[in-house]
file protein-v9.txt (compact mmCIF, C-alpha atoms)
# COMPACT_ATOMS: atom_id res chain seq x y z
CA MET N 1 -17.24 -9.97 -19.28
CA GLU N 2 -15.80 -12.36 -21.87
CA LEU N 3 -18.10 -10.99 -24.59
CA VAL N 4 -17.37 -7.37 -23.65
CA ALA N 5 -13.61 -8.06 -23.65
CA ALA N 6 -13.88 -9.77 -27.06
CA ALA N 7 -15.65 -6.73 -28.54
CA LYS N 8 -13.07 -4.34 -27.07
CA LEU N 9 -10.25 -6.58 -28.30
CA ARG N 10 -11.44 -6.32 -31.91
CA ARG N 11 -11.50 -2.53 -31.65
CA ALA N 12 -8.03 -2.50 -30.06
CA GLU N 13 -6.64 -4.68 -32.86
CA ALA N 14 -8.10 -2.28 -35.44
CA ARG N 15 -6.44 0.70 -33.72
CA ILE N 16 -3.05 -1.06 -33.74
CA GLU N 17 -3.41 -1.82 -37.45
CA ALA N 18 -4.34 1.81 -38.12
CA LEU N 19 -1.28 3.11 -36.25
CA ARG N 20 1.32 0.95 -38.00
CA PRO N 21 1.44 2.87 -41.35
CA TYR N 22 1.73 6.17 -39.46
CA ALA N 23 4.52 4.87 -37.24
CA GLU N 24 6.41 3.43 -40.21
CA ARG N 25 6.09 6.68 -42.18
CA MET N 26 7.24 8.65 -39.14
CA ARG N 27 10.36 6.50 -38.87
CA GLU N 28 11.09 6.87 -42.61
CA LEU N 29 10.78 10.65 -42.29
CA MET N 30 13.14 10.68 -39.30
CA ILE N 31 15.68 8.53 -41.13
CA GLY N 32 15.63 10.79 -44.17
CA THR N 33 15.96 13.93 -42.05
CA ALA N 34 18.73 12.42 -39.91
CA ARG N 35 20.64 11.50 -43.08
CA ALA N 36 20.62 15.21 -44.03
CA THR N 37 21.60 16.34 -40.52
CA PRO N 38 25.33 16.23 -39.75
CA SER N 39 24.80 17.06 -36.09
CA ARG N 40 23.52 14.59 -33.47
CA GLY N 41 23.51 16.98 -30.51
CA PHE N 42 19.86 16.60 -29.61
CA PRO N 43 18.81 16.27 -25.96
CA LEU N 44 16.62 13.20 -26.53
CA LEU N 45 19.48 11.36 -28.27
CA GLU N 46 22.10 12.01 -25.59
CA GLU N 47 23.64 8.76 -24.43
CA ARG N 48 25.18 9.20 -21.00
CA GLU N 49 28.07 7.09 -19.85
CA ASN N 50 27.88 5.65 -16.36
CA ALA N 51 24.15 6.30 -16.02
CA SER N 52 23.41 6.81 -12.34
CA SER N 53 19.61 6.74 -12.42
CA VAL N 54 16.87 5.02 -14.38
CA ALA N 55 13.12 5.56 -14.62
CA ILE N 56 11.06 2.37 -14.85
CA VAL N 57 7.58 2.76 -16.36
CA PRO N 58 5.35 -0.35 -16.00
CA LEU N 59 2.19 -0.33 -18.14
CA THR N 60 -0.54 -2.06 -16.13
CA GLY N 61 -4.34 -1.98 -16.21
CA ASP N 62 -6.87 -0.09 -14.14
CA ARG N 63 -8.81 -3.29 -13.35
CA GLY N 64 -8.09 -6.88 -12.47
CA LEU N 65 -9.80 -10.11 -13.58
CA ALA N 66 -7.31 -10.43 -16.43
CA GLY N 67 -5.31 -13.48 -15.38
CA GLY N 68 -1.60 -12.79 -14.99
CA PHE N 69 -1.65 -9.63 -17.13
CA ASN N 70 -0.80 -7.18 -14.33
CA ALA N 71 1.23 -9.56 -12.17
CA GLN N 72 3.78 -10.42 -14.85
CA ILE N 73 4.39 -6.74 -15.64
CA ILE N 74 4.93 -5.85 -11.99
CA ARG N 75 7.13 -8.90 -11.46
CA ARG N 76 9.35 -7.95 -14.42
CA ALA N 77 9.52 -4.29 -13.35
CA LEU N 78 10.59 -5.25 -9.82
CA GLY N 79 13.21 -7.53 -11.34
CA LEU N 80 14.56 -4.57 -13.33
CA GLU N 81 14.68 -2.53 -10.13
CA ARG N 82 16.79 -5.19 -8.39
CA GLU N 83 19.18 -5.35 -11.36
CA ALA N 84 19.54 -1.56 -11.44
CA ARG N 85 20.19 -1.28 -7.71
CA GLU N 86 22.79 -4.04 -7.88
CA THR N 87 24.73 -1.89 -10.35
CA GLY N 88 24.45 1.15 -8.06
CA GLN N 89 21.76 2.98 -10.04
CA ASP N 90 19.00 5.01 -8.44
CA VAL N 91 15.49 3.94 -9.52
CA ARG N 92 12.56 6.28 -10.15
CA TRP N 93 9.05 4.95 -10.68
CA ALA N 94 6.50 6.36 -13.12
CA VAL N 95 3.55 4.01 -13.47
CA ILE N 96 0.58 3.68 -15.81
CA GLY N 97 -2.58 2.03 -14.46
CA LYS N 98 -4.22 1.73 -11.03
CA LYS N 99 -3.01 -1.83 -10.47
CA GLY N 100 0.63 -0.87 -10.82
CA ARG N 101 0.20 2.26 -8.71
CA SER N 102 -1.50 0.42 -5.85
CA THR N 103 1.08 -2.39 -5.86
CA LEU N 104 4.05 -0.03 -5.76
CA ARG N 105 2.51 2.07 -3.00
CA PHE N 106 1.68 -1.08 -1.03
CA ARG N 107 5.39 -1.95 -1.24
CA ARG N 108 6.16 1.58 0.04
CA LEU N 109 7.96 2.58 -3.16
CA GLU N 110 7.91 6.26 -4.08
CA VAL N 111 6.00 6.88 -7.32
CA GLU N 112 7.24 9.91 -9.26
CA GLN N 113 4.15 10.09 -11.47
CA ALA N 114 1.06 7.94 -12.08
CA TRP N 115 -1.40 8.00 -14.99
CA VAL N 116 -4.73 6.19 -14.53
CA ASP N 117 -8.30 5.80 -15.87
CA PHE N 118 -7.54 5.34 -19.57
CA THR N 119 -5.63 2.06 -19.97
CA ASP N 120 -8.49 0.11 -21.58
CA ARG N 121 -8.94 2.75 -24.30
CA PRO N 122 -5.91 5.07 -24.49
CA GLU N 123 -5.90 8.19 -26.66
CA TYR N 124 -2.98 9.91 -28.34
CA SER N 125 -3.30 12.81 -25.88
CA ASP N 126 -2.60 10.36 -23.04
CA ALA N 127 0.56 9.17 -24.76
CA ALA N 128 1.62 12.78 -25.41
CA ALA N 129 1.24 13.70 -21.73
CA ILE N 130 3.30 10.67 -20.65
CA ALA N 131 5.98 11.37 -23.26
CA ARG N 132 6.30 15.02 -22.17
CA LYS N 133 6.81 14.03 -18.54
CA LEU N 134 9.39 11.37 -19.39
CA ALA N 135 11.23 13.77 -21.69
CA GLU N 136 11.23 16.36 -18.90
CA LEU N 137 12.74 13.87 -16.43
CA PHE N 138 15.41 12.96 -18.97
CA THR N 139 16.35 16.41 -20.27
CA GLU N 140 16.48 17.86 -16.75
CA ARG N 141 18.85 14.99 -15.83
CA VAL N 142 16.61 13.66 -13.10
CA VAL N 143 17.16 10.28 -14.78
CA ASP N 144 19.72 9.12 -17.33
CA ARG N 145 17.60 6.38 -18.88
CA VAL N 146 13.90 5.59 -19.27
CA VAL N 147 12.60 2.03 -19.65
CA ILE N 148 9.01 0.94 -20.26
CA VAL N 149 7.67 -2.52 -19.41
CA TYR N 150 4.51 -3.65 -21.15
CA ASN N 151 2.69 -6.64 -22.66
CA ARG N 152 3.12 -6.85 -26.42
CA TYR N 153 0.02 -8.25 -28.09
CA GLU N 154 0.61 -11.36 -30.19
CA SER N 155 -2.79 -13.07 -29.96
CA ALA N 156 -5.77 -13.34 -27.63
CA LEU N 157 -3.98 -16.24 -25.94
CA THR N 158 -0.44 -14.88 -26.02
CA GLN N 159 0.95 -11.65 -24.57
CA ARG N 160 4.70 -11.24 -24.27
CA VAL N 161 6.35 -9.01 -21.67
CA VAL N 162 8.64 -6.50 -23.38
CA VAL N 163 11.28 -4.24 -21.85
CA GLU N 164 12.01 -1.29 -24.14
CA ASP N 165 14.42 1.63 -23.76
CA VAL N 166 12.65 4.80 -24.91
CA LEU N 167 15.11 7.45 -23.69
CA PRO N 168 17.59 8.20 -24.94
CA ILE N 169 15.91 7.46 -28.27
CA PRO N 170 17.82 4.45 -29.69
CA ARG N 171 20.20 5.18 -32.55
CA HIS N 172 18.71 2.40 -34.67
CA ALA N 173 15.54 4.50 -34.95
CA LEU N 174 17.53 6.89 -37.17
CA GLU N 175 19.26 4.22 -39.24
CA GLU N 176 18.25 2.52 -42.48
CA ASP N 177 17.06 -1.07 -42.42
CA GLU N 178 19.88 -3.43 -43.32
CA GLU N 179 17.80 -5.18 -45.99
CA LYS N 180 17.37 -1.91 -47.92
CA SER N 181 19.68 -1.69 -50.90
CA ALA N 182 21.64 1.41 -51.90
CA HIS N 183 19.48 1.63 -55.03
CA GLU N 184 16.28 1.73 -52.97
CA ILE N 185 17.76 4.43 -50.74
CA ALA N 186 18.74 6.47 -53.81
CA LEU N 187 15.19 6.20 -55.18
CA GLU N 188 13.91 7.94 -52.09
CA GLY N 189 15.40 11.10 -53.50
CA ASP N 190 17.30 14.06 -52.15
CA PHE N 191 15.21 16.87 -50.68
CA ILE N 192 15.67 20.54 -49.98
CA TYR N 193 14.52 21.13 -46.42
CA GLU N 194 12.78 24.22 -45.14
CA PRO N 195 13.48 24.93 -42.32
CA GLU N 196 16.87 23.28 -41.86
CA PRO N 197 16.84 19.49 -41.33
CA ASP N 198 18.25 19.75 -37.81
CA ILE N 199 15.30 21.97 -36.81
CA ILE N 200 12.85 19.49 -38.34
CA LEU N 201 14.52 16.55 -36.61
CA ASP N 202 14.46 18.40 -33.30
CA ARG N 203 10.67 18.66 -33.70
CA LEU N 204 10.27 15.09 -34.92
CA LEU N 205 12.07 13.43 -32.00
CA PRO N 206 9.41 14.35 -29.36
CA THR N 207 6.70 13.25 -31.79
CA TYR N 208 8.50 9.95 -32.30
CA LEU N 209 8.61 9.48 -28.51
CA GLU N 210 4.86 10.17 -28.32
CA THR N 211 4.20 7.67 -31.11
CA THR N 212 6.32 5.05 -29.34
CA MET N 213 4.36 5.52 -26.13
CA TYR N 214 1.04 5.44 -27.99
CA ARG N 215 1.97 2.17 -29.70
CA ALA N 216 2.95 0.65 -26.34
CA LEU N 217 -0.36 1.81 -24.80
CA LEU N 218 -2.34 0.25 -27.66
CA GLU N 219 -0.38 -3.00 -27.42
CA SER N 220 -0.96 -3.08 -23.67
CA ALA N 221 -4.70 -2.37 -24.05
CA ALA N 222 -5.13 -5.15 -26.62
CA SER N 223 -3.15 -7.51 -24.40
CA GLU N 224 -5.35 -6.66 -21.42
CA HIS N 225 -8.56 -7.33 -23.35
CA GLY N 226 -7.15 -10.60 -24.71
CA ALA N 227 -6.00 -11.71 -21.26
CA ARG N 228 -9.37 -10.80 -19.72
CA MET N 229 -11.29 -12.62 -22.44
CA THR N 230 -9.19 -15.75 -21.91
CA ALA N 231 -9.43 -15.50 -18.10
CA MET N 232 -13.21 -15.10 -18.20
CA ARG N 233 -13.56 -18.03 -20.63
CA ASN N 234 -11.49 -20.20 -18.28
CA ALA N 235 -13.53 -18.98 -15.31
CA SER N 236 -16.78 -19.89 -17.07
CA LYS N 237 -15.38 -23.31 -17.97
CA ASN N 238 -14.19 -23.92 -14.40
CA ALA N 239 -17.56 -22.78 -13.03
CA GLY N 240 -19.35 -25.19 -15.37
CA GLU N 241 -17.13 -28.06 -14.28
CA LEU N 242 -17.67 -27.12 -10.62
CA ILE N 243 -21.46 -27.06 -11.12
CA ASP N 244 -21.36 -30.50 -12.78
CA ARG N 245 -19.24 -31.96 -9.99
CA LEU N 246 -21.40 -30.49 -7.21
CA THR N 247 -24.58 -31.62 -9.00
CA LEU N 248 -23.18 -35.15 -9.18
CA GLU N 249 -22.23 -35.07 -5.50
CA MET N 250 -25.70 -33.74 -4.58
CA ASN N 251 -27.42 -36.50 -6.60
CA ARG N 252 -25.25 -39.14 -4.94
CA ALA N 253 -26.03 -37.73 -1.48
CA ARG N 254 -29.75 -37.62 -2.27
CA GLN N 255 -29.63 -41.18 -3.62
CA ALA N 256 -27.81 -42.35 -0.51
CA GLU N 257 -30.39 -40.62 1.70
CA ILE N 258 -33.30 -42.20 -0.18
CA THR N 259 -31.64 -45.62 0.00
CA GLN N 260 -31.12 -45.16 3.74
CA GLU N 261 -34.79 -44.23 4.23
CA ILE N 262 -35.92 -47.30 2.25
CA LEU N 263 -33.68 -49.53 4.34
CA GLU N 264 -35.13 -48.04 7.53
CA VAL N 265 -38.70 -48.63 6.29
CA VAL N 266 -37.90 -52.23 5.33
CA ALA N 267 -36.17 -52.82 8.64
CA GLY N 268 -39.20 -51.40 10.51
CA ALA N 269 -41.61 -53.57 8.54
CA ASP N 270 -39.52 -56.67 9.28
CA ALA N 271 -39.52 -55.79 12.98
CA LEU N 272 -43.30 -55.45 13.03
CA GLU N 273 -43.78 -58.78 11.25
CA GLY N 274 -41.39 -60.42 13.62
call {"tool": "encode", "arguments": {"input": "protein-v9.txt", "output": "structure tokens"}}
result
Amino acid sequence: MELVAAAKLRRAEARIEALRPYAERMRELMIGTARATPSRGFPLLEERENASSVAIVPLTGDRGLAGGFNAQIIRRALGLEREARETGQDVRWAVIGKKGRSTLRFRRLEVEQAWVDFTDRPEYSDAAAIARKLAELFTERVVDRVVIVYNRYESALTQRVVVEDVLPIPRHALEEDEEKSAHEIALEGDFIYEPEPDIILDRLLPTYLETTMYRALLESAASEHGARMTAMRNASKNAGELIDRLTLEMNRARQAEITQEILEVVAGADALEG
């Protein structure tokens, strides 16, 4: 299992690296289009005051044997639920992965939607389906905010739990990076848009949401493979240590038994001579 997880981890890392240029170019395109769009009245950007409901989306795995990978996600998601309920917000659950679904149902929590059987190798179509459902919940005002909880991949040994607001789409996604100078922005040029930039941006926002979900799925998949590889390596090491300890105890017991038998033979011989 460690070797299989290591092979899958390398492929997951390659997929993350391949996505980054696309995601960065997507954001640059959105920033440029937003700069040419005076209006901000898009449904996916609507920030609602006094949000009364929130959708929490934990990204877990379909299988266990991955150390604390699933447990720490569920623990953080349940912590978010407590915080939301303390502020009077209603909580809706949409979960990714069998482990999260089974845990929430065991706790008798109502699951709005569950997506399973792809967490170890997610495809863009999976992210698109999730994004469409979350956008539907938000635009139809079933929820006023959508939060995803997932493990961000840093290394095979380190996965960090991240809580990210995906809806409404954060304003900083449409803003220039602070380190970019005015000269660099000017070099990007001024474009004539066809169709109008607000129509283009309206189409780009759902795609940006899909890309965000796809990136989170890839990060979670890589984190799961890294956690499983580490857990299986530790299990193998612990099993080896256990075998060594039990072998030593068995040898000691056998030695003690042989010594006892020799003592009995000697004692018997002494009795016969006596």
call {"tool": "closest_residue", "arguments": {"input": "protein-v9.txt", "among": "N:Asp117, N:Glu86, N:Glu224, N:Glu49", "to": "Ala6 in chain N", "atoms": "all atoms listed in the file"}}
result
N:Glu224
call {"tool": "atom_distance", "arguments": {"input": "protein-v9.txt", "atom1": "CA of Tyr153 in chain N", "atom2": "CA of Glu219 in chain N"}}
result
5.3 Å
call {"tool": "atom_distance", "arguments": {"input": "protein-v9.txt", "atom1": "CA of Arg48 in chain N", "atom2": "CA of Gln89 in chain N"}}
result
13.1 Å
call {"tool": "axis_aligned_box", "arguments": {"input": "protein-v9.txt", "around": "range 262-268 of chain N", "padding_each_side": "4 Å", "output": "AutoDock Vina command-line options"}}
result
--center_x -36.4 --center_y -50.1 --center_z 6.4 --size_x 13.5 --size_y 13.5 --size_z 16.3
call {"tool": "residues_around", "arguments": {"input": "protein-v9.txt", "residues": "Arg121 in chain N", "least_positions_apart": "3", "cutoff": "12 Å", "atoms": "all atoms listed in the file", "output": "CSV table (one decimal) with C-alpha atoms, keeping the file's coordinate frame"}}
result
chain,number,residue,atom,x,y,z
N,5,ALA,CA,-13.6,-8.1,-23.6
N,8,LYS,CA,-13.1,-4.3,-27.1
N,9,LEU,CA,-10.2,-6.6,-28.3
N,11,ARG,CA,-11.5,-2.5,-31.6
N,12,ALA,CA,-8.0,-2.5,-30.1
N,13,GLU,CA,-6.6,-4.7,-32.9
N,15,ARG,CA,-6.4,0.7,-33.7
N,16,ILE,CA,-3.0,-1.1,-33.7
N,61,GLY,CA,-4.3,-2.0,-16.2
N,62,ASP,CA,-6.9,-0.1,-14.1
N,97,GLY,CA,-2.6,2.0,-14.5
N,116,VAL,CA,-4.7,6.2,-14.5
N,117,ASP,CA,-8.3,5.8,-15.9
N,118,PHE,CA,-7.5,5.3,-19.6
N,124,TYR,CA,-3.0,9.9,-28.3
N,125,SER,CA,-3.3,12.8,-25.9
N,126,ASP,CA,-2.6,10.4,-23.0
N,127,ALA,CA,0.6,9.2,-24.8
N,214,TYR,CA,1.0,5.4,-28.0
N,217,LEU,CA,-0.4,1.8,-24.8
N,218,LEU,CA,-2.3,0.2,-27.7
N,219,GLU,CA,-0.4,-3.0,-27.4
N,220,SER,CA,-1.0,-3.1,-23.7
N,221,ALA,CA,-4.7,-2.4,-24.0
N,222,ALA,CA,-5.1,-5.2,-26.6
N,223,SER,CA,-3.2,-7.5,-24.4
N,224,GLU,CA,-5.4,-6.7,-21.4
N,225,HIS,CA,-8.6,-7.3,-23.4
call {"tool": "residues_around", "arguments": {"input": "protein-v9.txt", "residues": "Val161 in chain N", "least_positions_apart": "3", "cutoff": "8 Å", "atoms": "only C-alpha atoms", "output": "count of residues only"}}
result
7
call {"tool": "atom_distance", "arguments": {"input": "protein-v9.txt", "atom1": "CA of Thr139 in chain N", "atom2": "CA of Pro43 in chain N"}}
result
6.2 Å
call {"tool": "closest_residue", "arguments": {"input": "protein-v9.txt", "among": "N:Leu137, N:Leu205, N:Leu65, N:Ala271", "to": "Glu2 in chain N", "atoms": "all atoms listed in the file"}}
result
N:Leu65
call {"tool": "decode", "arguments": {"input": "protein-v9.txt", "residues": "range 148-164 of chain N", "atoms": "N, CA and C atoms", "output": "PDB file, in the first residue's frame"}}
result
ATOM      1  N   ILE N 148     -15.455  25.493   2.007  1.00  0.00           N
ATOM      2  CA  ILE N 148     -14.898  24.161   1.833  1.00  0.00           C
ATOM      3  C   ILE N 148     -13.764  23.952   2.840  1.00  0.00           C
ATOM      4  N   VAL N 149     -13.645  22.713   3.298  1.00  0.00           N
ATOM      5  CA  VAL N 149     -12.595  22.337   4.255  1.00  0.00           C
ATOM      6  C   VAL N 149     -11.815  21.193   3.638  1.00  0.00           C
ATOM      7  N   TYR N 150     -10.527  21.392   3.431  1.00  0.00           N
ATOM      8  CA  TYR N 150      -9.737  20.337   2.793  1.00  0.00           C
ATOM      9  C   TYR N 150      -8.294  20.387   3.276  1.00  0.00           C
ATOM     10  N   ASN N 151      -7.551  19.343   2.969  1.00  0.00           N
ATOM     11  CA  ASN N 151      -6.124  19.270   3.298  1.00  0.00           C
ATOM     12  C   ASN N 151      -5.320  19.835   2.138  1.00  0.00           C
ATOM     13  N   ARG N 152      -4.575  20.886   2.397  1.00  0.00           N
ATOM     14  CA  ARG N 152      -3.684  21.434   1.365  1.00  0.00           C
ATOM     15  C   ARG N 152      -2.366  20.674   1.403  1.00  0.00           C
ATOM     16  N   TYR N 153      -1.925  20.243   0.247  1.00  0.00           N
ATOM     17  CA  TYR N 153      -0.706  19.437   0.159  1.00  0.00           C
ATOM     18  C   TYR N 153       0.530  20.332   0.243  1.00  0.00           C
ATOM     19  N   GLU N 154       1.390  20.043   1.201  1.00  0.00           N
ATOM     20  CA  GLU N 154       2.671  20.747   1.313  1.00  0.00           C
ATOM     21  C   GLU N 154       3.832  19.794   1.077  1.00  0.00           C
ATOM     22  N   SER N 155       3.745  18.595   1.610  1.00  0.00           N
ATOM     23  CA  SER N 155       4.737  17.554   1.348  1.00  0.00           C
ATOM     24  C   SER N 155       4.114  16.218   1.726  1.00  0.00           C
ATOM     25  N   ALA N 156       4.852  15.136   1.451  1.00  0.00           N
ATOM     26  CA  ALA N 156       4.326  13.810   1.790  1.00  0.00           C
ATOM     27  C   ALA N 156       4.122  13.656   3.287  1.00  0.00           C
ATOM     28  N   LEU N 157       4.867  14.437   4.071  1.00  0.00           N
ATOM     29  CA  LEU N 157       4.760  14.353   5.530  1.00  0.00           C
ATOM     30  C   LEU N 157       3.842  15.414   6.118  1.00  0.00           C
ATOM     31  N   THR N 158       3.539  16.447   5.339  1.00  0.00           N
ATOM     32  CA  THR N 158       2.795  17.587   5.879  1.00  0.00           C
ATOM     33  C   THR N 158       1.588  17.903   5.024  1.00  0.00           C
ATOM     34  N   GLN N 159       0.417  17.878   5.651  1.00  0.00           N
ATOM     35  CA  GLN N 159      -0.826  18.323   5.009  1.00  0.00           C
ATOM     36  C   GLN N 159      -1.516  19.283   5.975  1.00  0.00           C
ATOM     37  N   ARG N 160      -1.877  20.452   5.477  1.00  0.00           N
ATOM     38  CA  ARG N 160      -2.432  21.485   6.343  1.00  0.00           C
ATOM     39  C   ARG N 160      -3.923  21.663   6.054  1.00  0.00           C
ATOM     40  N   VAL N 161      -4.727  21.637   7.110  1.00  0.00           N
ATOM     41  CA  VAL N 161      -6.169  21.829   6.960  1.00  0.00           C
ATOM     42  C   VAL N 161      -6.454  23.291   6.616  1.00  0.00           C
ATOM     43  N   VAL N 162      -7.215  23.479   5.551  1.00  0.00           N
ATOM     44  CA  VAL N 162      -7.520  24.828   5.058  1.00  0.00           C
ATOM     45  C   VAL N 162      -9.027  25.015   5.025  1.00  0.00           C
ATOM     46  N   VAL N 163      -9.483  26.154   5.500  1.00  0.00           N
ATOM     47  CA  VAL N 163     -10.894  26.552   5.398  1.00  0.00           C
ATOM     48  C   VAL N 163     -10.966  27.695   4.396  1.00  0.00           C
ATOM     49  N   GLU N 164     -11.716  27.509   3.313  1.00  0.00           N
ATOM     50  CA  GLU N 164     -11.726  28.496   2.229  1.00  0.00           C
ATOM     51  C   GLU N 164     -13.156  28.852   1.845  1.00  0.00           C
TER      52      GLU N 164
END
